[in-house]
$ cat model-v3.csv   # CSV, C-alpha atoms
chain,number,residue,atom,x,y,z
D,1180,MET,CA,129.8,51.2,213.0
D,1181,THR,CA,132.5,53.8,213.8
D,1182,MET,CA,136.2,53.9,214.3
D,1183,PRO,CA,137.8,55.5,217.4
D,1184,SER,CA,138.7,59.1,217.4
D,1185,ARG,CA,142.2,60.3,216.4
D,1186,CYS,CA,143.0,61.2,220.0
D,1187,TRP,CA,141.9,57.8,221.3
D,1188,SER,CA,143.8,56.1,218.4
D,1189,LEU,CA,147.1,58.0,219.1
D,1190,ALA,CA,146.8,57.4,222.8
D,1191,ALA,CA,146.2,53.7,222.3
D,1192,VAL,CA,149.2,53.3,220.0
D,1193,LEU,CA,151.6,55.2,222.3
D,1194,LEU,CA,150.3,53.3,225.3
D,1195,LEU,CA,150.8,49.9,223.6
D,1196,LEU,CA,154.2,50.9,222.3
D,1197,THR,CA,155.2,51.9,225.9
D,1198,VAL,CA,154.0,48.5,227.2
D,1199,VAL,CA,156.0,46.7,224.6
D,1200,LEU,CA,159.2,48.6,225.5
D,1201,VAL,CA,158.6,48.1,229.3
D,1202,CYS,CA,158.0,44.4,228.8
D,1203,VAL,CA,161.1,43.9,226.6
D,1204,LEU,CA,163.4,45.9,228.9
D,1205,VAL,CA,162.0,44.9,232.3
D,1206,VAL,CA,159.2,42.4,232.5
D,1207,ASP,CA,159.7,39.6,229.9
D,1208,ARG,CA,162.6,37.5,231.2
D,1209,PRO,CA,161.7,37.7,234.9
D,1210,LEU,CA,158.1,36.7,234.1
D,1211,ALA,CA,159.3,33.8,231.9
D,1212,MET,CA,161.4,32.5,234.7
D,1213,ALA,CA,158.6,32.9,237.3
D,1214,LEU,CA,156.2,31.1,235.0
D,1215,SER,CA,158.6,28.2,234.5
D,1216,LEU,CA,159.0,27.9,238.3
D,1217,TYR,CA,155.5,28.4,239.5
D,1218,GLY,CA,153.2,28.2,236.5
D,1219,ALA,CA,154.0,24.8,235.0
D,1220,TRP,CA,150.6,23.4,236.3
D,1221,MET,CA,148.8,25.8,233.9
D,1222,VAL,CA,150.7,24.7,230.7
D,1223,PRO,CA,148.7,21.6,229.8
D,1224,THR,CA,145.4,23.5,230.0
D,1225,ALA,CA,146.8,26.5,228.1
D,1226,ARG,CA,148.3,24.2,225.4
D,1227,ALA,CA,145.0,22.4,225.0
D,1228,PHE,CA,143.1,25.6,224.4
D,1229,THR,CA,145.8,26.8,221.9
D,1230,ASP,CA,145.6,23.5,220.0
D,1231,LEU,CA,141.8,23.8,219.8
D,1232,ILE,CA,142.0,27.4,218.5
D,1233,THR,CA,144.7,26.4,216.1
D,1234,VAL,CA,142.4,23.7,214.6
D,1235,LEU,CA,139.5,26.2,214.3
D,1236,VAL,CA,141.5,29.1,212.9
D,1237,MET,CA,144.0,27.1,211.0
D,1238,PRO,CA,146.9,29.7,211.1
D,1239,GLY,CA,149.1,27.3,209.1
D,1240,LEU,CA,147.1,28.0,205.9
D,1241,PRO,CA,148.8,30.5,203.4
D,1242,LYS,CA,148.4,34.0,204.7
D,1243,TRP,CA,146.1,35.1,201.8
D,1244,VAL,CA,143.4,32.4,202.5
D,1245,HIS,CA,141.7,34.0,205.4
D,1246,PRO,CA,141.7,37.5,204.0
D,1247,LEU,CA,140.3,36.2,200.7
D,1248,VAL,CA,137.5,34.4,202.4
D,1249,LEU,CA,136.6,37.6,204.4
D,1250,ALA,CA,136.7,39.8,201.3
D,1251,LEU,CA,134.4,37.4,199.4
D,1252,ILE,CA,131.9,37.4,202.3
D,1253,GLY,CA,132.0,41.2,202.3
D,1254,LEU,CA,131.4,41.3,198.6
D,1255,LEU,CA,128.4,38.9,198.9
D,1256,LEU,CA,126.9,41.0,201.7
D,1257,SER,CA,127.5,44.2,199.7
D,1258,TRP,CA,124.9,43.2,197.2
D,1259,ARG,CA,122.3,43.6,199.9
D,1260,LEU,CA,123.8,46.1,202.3
D,1261,GLY,CA,126.1,48.1,200.1
D,1262,SER,CA,129.4,49.4,201.6
D,1263,ALA,CA,128.1,48.8,205.1
D,1264,GLY,CA,128.3,45.1,204.4
D,1265,LEU,CA,131.6,45.3,202.5
D,1266,LYS,CA,133.8,47.6,204.6
D,1267,PRO,CA,134.0,45.7,207.9
D,1268,PHE,CA,135.1,42.5,206.1
D,1269,LEU,CA,137.5,44.4,203.9
D,1270,LEU,CA,139.0,46.2,206.9
D,1271,THR,CA,139.5,42.9,208.7
D,1272,ALA,CA,140.9,41.1,205.6
D,1273,LEU,CA,143.5,43.9,205.0
D,1274,THR,CA,144.4,44.2,208.6
D,1275,LEU,CA,144.9,40.4,209.0
D,1276,LEU,CA,147.0,40.1,205.9
D,1277,ALA,CA,149.2,43.1,206.6
D,1278,THR,CA,149.6,42.1,210.3
D,1279,ARG,CA,150.7,38.5,209.5
D,1280,ILE,CA,153.1,39.6,206.8
D,1281,THR,CA,154.6,42.3,208.9
D,1282,VAL,CA,155.0,40.0,212.0
D,1283,THR,CA,156.6,37.3,209.9
D,1284,GLU,CA,159.2,39.8,208.6
D,1285,LEU,CA,159.9,41.3,212.0
D,1286,LYS,CA,160.6,37.8,213.4
D,1287,GLY,CA,163.5,37.6,211.0
D,1288,VAL,CA,164.7,41.0,211.9
D,1289,PHE,CA,164.7,40.7,215.7
D,1290,GLU,CA,165.5,36.9,216.0
D,1291,ARG,CA,164.4,36.8,219.6
D,1292,VAL,CA,165.1,33.7,221.6
D,1293,ARG,CA,162.0,31.9,222.9
D,1294,PRO,CA,161.3,31.9,226.7
D,1295,PHE,CA,161.9,28.1,227.0
D,1296,ASP,CA,165.4,28.6,225.5
D,1297,TYR,CA,166.1,31.4,228.0
D,1298,VAL,CA,164.9,29.2,230.9
D,1299,ALA,CA,167.1,26.4,229.8
D,1300,ASP,CA,170.1,28.8,229.5
D,1301,PRO,CA,169.7,32.2,231.3
D,1302,THR,CA,173.0,33.4,229.8
D,1303,VAL,CA,171.7,33.3,226.2
D,1304,ALA,CA,171.3,36.6,224.3
D,1305,ASP,CA,167.7,37.9,224.1
D,1306,PHE,CA,167.7,39.3,220.5
D,1307,PHE,CA,169.6,38.8,217.2
D,1308,LYS,CA,170.2,35.1,217.8
D,1309,ALA,CA,170.2,33.4,214.3
D,1310,GLY,CA,167.4,30.9,213.8
D,1311,HIS,CA,165.1,32.3,216.6
D,1312,ASP,CA,161.7,33.9,216.0
D,1313,SER,CA,159.9,34.7,219.2
D,1314,PHE,CA,159.2,38.5,218.5
D,1315,PRO,CA,156.5,39.3,217.6
D,1316,SER,CA,154.0,36.4,218.1
D,1317,GLY,CA,152.6,34.8,215.0
D,1318,HIS,CA,149.5,33.3,216.7
D,1319,THR,CA,148.7,36.6,218.3
D,1320,ALA,CA,149.0,38.3,214.9
D,1321,VAL,CA,146.1,36.0,213.7
D,1322,TYR,CA,144.0,36.6,216.8
D,1323,MET,CA,144.5,40.4,216.8
D,1324,GLY,CA,144.3,40.7,213.0
D,1325,LEU,CA,140.9,39.1,213.1
D,1326,LEU,CA,139.4,40.7,216.2
D,1327,MET,CA,141.0,44.1,216.5
D,1328,PRO,CA,139.2,45.6,213.5
D,1329,VAL,CA,135.9,44.3,214.6
D,1330,ALA,CA,136.5,45.5,218.2
D,1331,LEU,CA,137.3,49.0,217.0
D,1332,LEU,CA,134.4,49.2,214.5
D,1333,PHE,CA,131.8,48.1,217.0
D,1334,PRO,CA,132.1,49.9,220.4
D,1335,ARG,CA,129.5,47.7,222.1
D,1336,TRP,CA,131.7,44.6,221.5
D,1337,ARG,CA,135.1,46.3,221.9
D,1338,VAL,CA,135.9,45.2,225.4
D,1339,PRO,CA,134.7,41.6,225.1
D,1340,LEU,CA,136.5,41.1,221.8
D,1341,LEU,CA,139.8,42.6,222.9
D,1342,LEU,CA,139.6,40.6,226.1
D,1343,LEU,CA,139.1,37.4,224.1
D,1344,ALA,CA,142.0,38.2,221.8
D,1345,GLY,CA,144.2,39.1,224.8
D,1346,LEU,CA,143.3,35.9,226.7
D,1347,LEU,CA,144.1,33.7,223.7
D,1348,ALA,CA,147.4,35.5,223.3
D,1349,ILE,CA,148.3,35.1,227.0
D,1350,LEU,CA,148.0,31.4,226.6
D,1351,ARG,CA,151.2,31.6,224.5
D,1352,VAL,CA,153.0,33.3,227.4
D,1353,ILE,CA,151.8,30.7,229.9
D,1354,GLU,CA,153.0,27.9,227.6
D,1355,GLY,CA,156.5,29.4,227.5
D,1356,ASP,CA,156.4,29.9,223.8
D,1357,HIS,CA,156.3,33.7,223.9
D,1358,TYR,CA,157.1,36.6,226.1
D,1359,LEU,CA,154.5,39.2,227.1
D,1360,GLY,CA,156.3,41.7,224.9
D,1361,ASP,CA,155.9,39.4,221.9
D,1362,ILE,CA,152.2,39.3,222.1
D,1363,CYS,CA,151.9,43.0,222.8
D,1364,ALA,CA,154.0,43.8,219.8
D,1365,SER,CA,151.7,41.8,217.6
D,1366,ALA,CA,148.7,43.6,219.1
D,1367,LEU,CA,150.4,47.0,218.3
D,1368,VAL,CA,151.0,46.0,214.7
D,1369,ALA,CA,147.3,45.0,214.3
D,1370,LEU,CA,146.1,48.2,216.0
D,1371,VAL,CA,148.2,50.4,213.6
D,1372,TYR,CA,147.0,48.6,210.5
D,1373,THR,CA,143.4,48.7,211.7
D,1374,LEU,CA,143.7,52.5,212.1
D,1375,ILE,CA,145.4,53.0,208.8
D,1376,PHE,CA,143.1,50.9,206.7
D,1377,GLY,CA,140.0,52.3,208.6
D,1378,ARG,CA,141.1,55.8,207.5
D,1379,LEU,CA,141.8,54.6,203.9
D,1380,LEU,CA,138.3,53.0,203.7
D,1381,GLY,CA,136.7,56.2,204.9
D,1382,LEU,CA,135.3,54.7,208.1
D,1383,ARG,CA,134.0,57.5,210.3
D,1384,ALA,CA,135.5,58.2,213.6
D,1385,GLN,CA,133.4,58.3,216.8
D,1386,GLY,CA,132.1,61.8,217.4
D,1387,ALA,CA,132.9,63.0,213.8
D,1388,VAL,CA,130.2,64.9,212.0
D,1389,ALA,CA,128.7,62.9,209.1
$ encode --input "model-v3.csv" --output "structure tokens"
Amino acid sequence: MTMPSRCWSLAAVLLLLTVVLVCVLVVDRPLAMALSLYGAWMVPTARAFTDLITVLVMPGLPKWVHPLVLALIGLLLSWRLGSAGLKPFLLTALTLLATRITVTELKGVFERVRPFDYVADPTVADFFKAGHDSFPSGHTAVYMGLLMPVALLFPRWRVPLLLLAGLLAILRVIEGDHYLGDICASALVALVYTLIFGRLLGLRAQGAVA
């Protein structure tokens, strides 16, 4: 159970930040238009999966509910396993809560128009349009907030868990509810909080001397 090294962490943050900027500046709107023209056949399947995940994860619950449950599970396990049982759940709880709160606040700051609004009116402004909330993605904040900490803590499961979170997030793009940049921004927020809380909890980096 180890966190990534500092070099890996910094590289990942910078790479993801670059991806977000490229998506916002170059990729998002052309991709949204292309999906509306050629990807409509995928929307029903994507929405069915999203609805199923929504039922299972229940993102509509108050933001503190999931973290509280995770923290309580960690406390129960700590009685038998000590900090090794508590810290992964505490890291996930803190990351999930902070990611969701931050993403909610950023939505109100950037006020980005949804892709389906852009497709309906390509002349509409991208950002700072009162009442809009596309950037970053709230659903992706839940997926990444839950899975990013676990993926970074357990290298054996890192790729499958990140792929799962990424695929769930991509469904929101296929549905036309979010841009690619929206979901990458939520992933970036979750990554930053995972790294910060991992350090605060004293989780050892890969390759560090115990």
$ atom_distance --input "model-v3.csv" --atom1 "CA of Gly1355 in chain D" --atom2 "CA of Leu1273 in chain D"
29.8 Å
$ atom_distance --input "model-v3.csv" --atom1 "CA of Asp1305 in chain D" --atom2 "CA of Val1292 in chain D"
5.5 Å
$ closest_residue --input "model-v3.csv" --among "D:Thr1274, D:Thr1281, D:Ser1313, D:Ser1184" --to "Arg1293 in chain D" --atoms "all atoms listed in the file"
D:Ser1313
$ atom_distance --input "model-v3.csv" --atom1 "CA of Leu1247 in chain D" --atom2 "CA of Pro1267 in chain D"
13.5 Å
$ closest_residue --input "model-v3.csv" --among "D:Leu1340, D:Ala1272, D:Val1206, D:Ala1366" --to "Ile1252 in chain D" --atoms "all atoms listed in the file"
D:Ala1272
$ residues_around --input "model-v3.csv" --residues "Asp1356 in chain D" --least-positions-apart "6" --cutoff "12 Å" --atoms "only C-alpha atoms" --output "list in words"
Asp1207, Ala1211, Leu1214, Ser1215, Val1222, Ala1225, Arg1226, Thr1229, Arg1291, Val1292, Arg1293, Pro1294, Phe1295, Asp1296, Tyr1297, Val1298, His1311, Asp1312, Ser1313, Phe1314, Pro1315, Ser1316, Gly1317, His1318, Thr1319, Ala1348, Ile1349, Leu1350 and Ile1362 of chain D
$ closest_atom_pairs --input "model-v3.csv" --of "range 1274-1376 of chain D" --to "range 1236-1246 of chain D" --cutoff "10 Å" --atoms "only C-alpha atoms" --output "Markdown table"
| residue | atom | partner | partner_atom | distance |
| --- | --- | --- | --- | --- |
| D:Thr1274 | CA | D:Pro1246 | CA | 8.6 |
| D:Leu1275 | CA | D:Pro1246 | CA | 6.6 |
| D:Leu1276 | CA | D:Pro1246 | CA | 6.2 |
| D:Ala1277 | CA | D:Lys1242 | CA | 9.3 |
| D:Thr1278 | CA | D:Lys1242 | CA | 9.9 |
| D:Arg1279 | CA | D:Lys1242 | CA | 7.0 |
| D:Ile1280 | CA | D:Lys1242 | CA | 7.6 |
| D:Gly1317 | CA | D:Pro1238 | CA | 8.6 |
| D:His1318 | CA | D:Pro1238 | CA | 7.1 |
| D:Ala1320 | CA | D:Pro1238 | CA | 9.6 |
| D:Val1321 | CA | D:Pro1238 | CA | 6.9 |
| D:Tyr1322 | CA | D:Val1236 | CA | 8.8 |
| D:Gly1324 | CA | D:Pro1246 | CA | 9.9 |
| D:Leu1325 | CA | D:His1245 | CA | 9.3 |
$ residues_around --input "model-v3.csv" --residues "Thr1373 in chain D" --least-positions-apart "4" --cutoff "7 Å" --atoms "only C-alpha atoms" --output "list in words"
Leu1270, Thr1274, Pro1328, Ala1369 and Gly1377 of chain D
$ closest_residue --input "model-v3.csv" --among "D:Phe1289, D:Trp1187, D:Phe1268, D:Phe1228" --to "Val1203 in chain D" --atoms "all atoms listed in the file"
D:Phe1289
$ closest_residue --input "model-v3.csv" --among "D:Lys1286, D:Phe1376, D:Leu1370, D:Ala1344" --to "Leu1189 in chain D" --atoms "only C-alpha atoms"
D:Leu1370
$ residues_around --input "model-v3.csv" --residues "Gly1360 in chain D" --least-positions-apart "4" --cutoff "6 Å" --atoms "only C-alpha atoms" --output "list of chain:residue names"
D:Val1199, D:Cys1202, D:Val1203, D:Ala1364
$ write_last_selection --input "model-v3.csv" --atoms "C-alpha atoms" --output "PDB file, keeping the file's coordinate frame"
ATOM      1  CA  VAL D1199     156.000  46.700 224.600  1.00  0.00           C
ATOM      2  CA  CYS D1202     158.000  44.400 228.800  1.00  0.00           C
ATOM      3  CA  VAL D1203     161.100  43.900 226.600  1.00  0.00           C
ATOM      4  CA  ALA D1364     154.000  43.800 219.800  1.00  0.00           C
TER       5      ALA D1364
END
$ decode --input "model-v3.csv" --residues "range 1191-1294 of chain D" --atoms "C-alpha atoms" --output "short mmCIF file (atom, residue, chain, number, x, y, z; two decimals), in the first residue's frame"
data_model
loop_
_atom_site.label_atom_id
_atom_site.label_comp_id
_atom_site.auth_asym_id
_atom_site.auth_seq_id
_atom_site.Cartn_x
_atom_site.Cartn_y
_atom_site.Cartn_z
CA ALA D 1191 0.73 13.28 -13.61
CA VAL D 1192 -0.67 16.61 -12.38
CA LEU D 1193 1.08 18.61 -15.10
CA LEU D 1194 0.05 16.15 -17.80
CA LEU D 1195 -3.58 16.19 -16.73
CA LEU D 1196 -3.58 19.98 -16.46
CA THR D 1197 -2.21 20.16 -20.01
CA VAL D 1198 -4.91 17.79 -21.23
CA VAL D 1199 -7.60 19.95 -19.64
CA LEU D 1200 -6.26 23.10 -21.30
CA VAL D 1201 -5.93 21.43 -24.71
CA CYS D 1202 -9.45 20.04 -24.46
CA VAL D 1203 -10.97 23.39 -23.48
CA LEU D 1204 -9.10 25.36 -26.12
CA VAL D 1205 -9.09 22.93 -29.05
CA VAL D 1206 -10.92 19.65 -28.62
CA ASP D 1207 -14.15 20.08 -26.67
CA ARG D 1208 -16.49 21.87 -29.02
CA PRO D 1209 -15.50 20.08 -32.25
CA LEU D 1210 -15.79 16.74 -30.42
CA ALA D 1211 -19.23 17.66 -29.07
CA MET D 1212 -20.44 18.55 -32.54
CA ALA D 1213 -18.98 15.37 -34.04
CA LEU D 1214 -20.65 13.22 -31.38
CA SER D 1215 -23.98 14.91 -32.01
CA LEU D 1216 -23.69 14.15 -35.72
CA TYR D 1217 -22.21 10.66 -35.69
CA GLY D 1218 -22.53 9.30 -32.14
CA ALA D 1219 -26.25 9.58 -31.44
CA TRP D 1220 -26.60 5.80 -31.71
CA MET D 1221 -24.43 5.40 -28.58
CA VAL D 1222 -26.46 7.74 -26.37
CA PRO D 1223 -29.20 5.32 -25.19
CA THR D 1224 -26.65 2.69 -24.10
CA ALA D 1225 -24.43 5.30 -22.43
CA ARG D 1226 -27.37 6.82 -20.58
CA ALA D 1227 -28.58 3.41 -19.42
CA PHE D 1228 -25.17 2.68 -17.88
CA THR D 1229 -25.03 6.12 -16.27
CA ASP D 1230 -28.51 5.66 -14.80
CA LEU D 1231 -27.48 2.29 -13.39
CA ILE D 1232 -24.32 3.69 -11.81
CA THR D 1233 -26.33 6.61 -10.45
CA VAL D 1234 -28.68 4.19 -8.69
CA LEU D 1235 -25.74 2.25 -7.22
CA VAL D 1236 -23.61 5.23 -6.17
CA MET D 1237 -26.46 7.63 -5.35
CA PRO D 1238 -24.59 10.89 -6.08
CA GLY D 1239 -27.72 12.84 -5.14
CA LEU D 1240 -27.18 12.13 -1.44
CA PRO D 1241 -25.66 14.93 0.69
CA LYS D 1242 -21.94 15.20 0.02
CA TRP D 1243 -20.97 14.12 3.53
CA VAL D 1244 -22.84 10.78 3.48
CA HIS D 1245 -20.42 8.70 1.39
CA PRO D 1246 -17.30 10.01 3.19
CA LEU D 1247 -18.88 9.36 6.58
CA VAL D 1248 -19.69 5.76 5.64
CA LEU D 1249 -16.14 5.24 4.35
CA ALA D 1250 -14.62 6.74 7.51
CA LEU D 1251 -16.78 4.52 9.74
CA ILE D 1252 -15.74 1.41 7.79
CA GLY D 1253 -12.12 2.44 8.23
CA LEU D 1254 -12.59 2.90 11.97
CA LEU D 1255 -14.15 -0.53 12.28
CA LEU D 1256 -11.29 -2.14 10.38
CA SER D 1257 -8.70 -0.23 12.41
CA TRP D 1258 -9.68 -2.21 15.50
CA ARG D 1259 -8.21 -5.31 13.86
CA LEU D 1260 -5.71 -3.90 11.36
CA GLY D 1261 -4.61 -0.64 12.97
CA SER D 1262 -3.77 2.32 10.72
CA ALA D 1263 -3.42 -0.03 7.73
CA GLY D 1264 -7.18 -0.53 7.91
CA LEU D 1265 -8.06 3.08 8.60
CA LYS D 1266 -5.88 5.15 6.27
CA PRO D 1267 -7.11 3.90 2.86
CA PHE D 1268 -10.73 4.57 3.81
CA LEU D 1269 -9.87 7.90 5.41
CA LEU D 1270 -7.91 8.96 2.32
CA THR D 1271 -10.83 8.03 0.07
CA ALA D 1272 -13.35 9.77 2.32
CA LEU D 1273 -11.37 13.01 2.45
CA THR D 1274 -10.62 12.97 -1.28
CA LEU D 1275 -14.23 12.29 -2.22
CA LEU D 1276 -15.60 15.02 0.03
CA ALA D 1277 -13.04 17.65 -1.00
CA THR D 1278 -13.37 16.80 -4.70
CA ARG D 1279 -17.15 17.07 -4.71
CA ILE D 1280 -17.18 20.34 -2.77
CA THR D 1281 -14.48 21.88 -4.98
CA VAL D 1282 -16.13 20.77 -8.22
CA THR D 1283 -19.48 22.18 -7.08
CA GLU D 1284 -17.85 25.54 -6.32
CA LEU D 1285 -15.95 25.60 -9.61
CA LYS D 1286 -19.17 25.02 -11.54
CA GLY D 1287 -20.47 28.32 -10.22
CA VAL D 1288 -17.21 30.09 -11.06
CA PHE D 1289 -16.84 28.96 -14.68
CA GLU D 1290 -20.55 28.66 -15.62
CA ARG D 1291 -19.78 26.62 -18.70
CA VAL D 1292 -22.49 25.87 -21.23
CA ARG D 1293 -23.39 22.20 -21.70
CA PRO D 1294 -22.52 20.50 -25.00
#
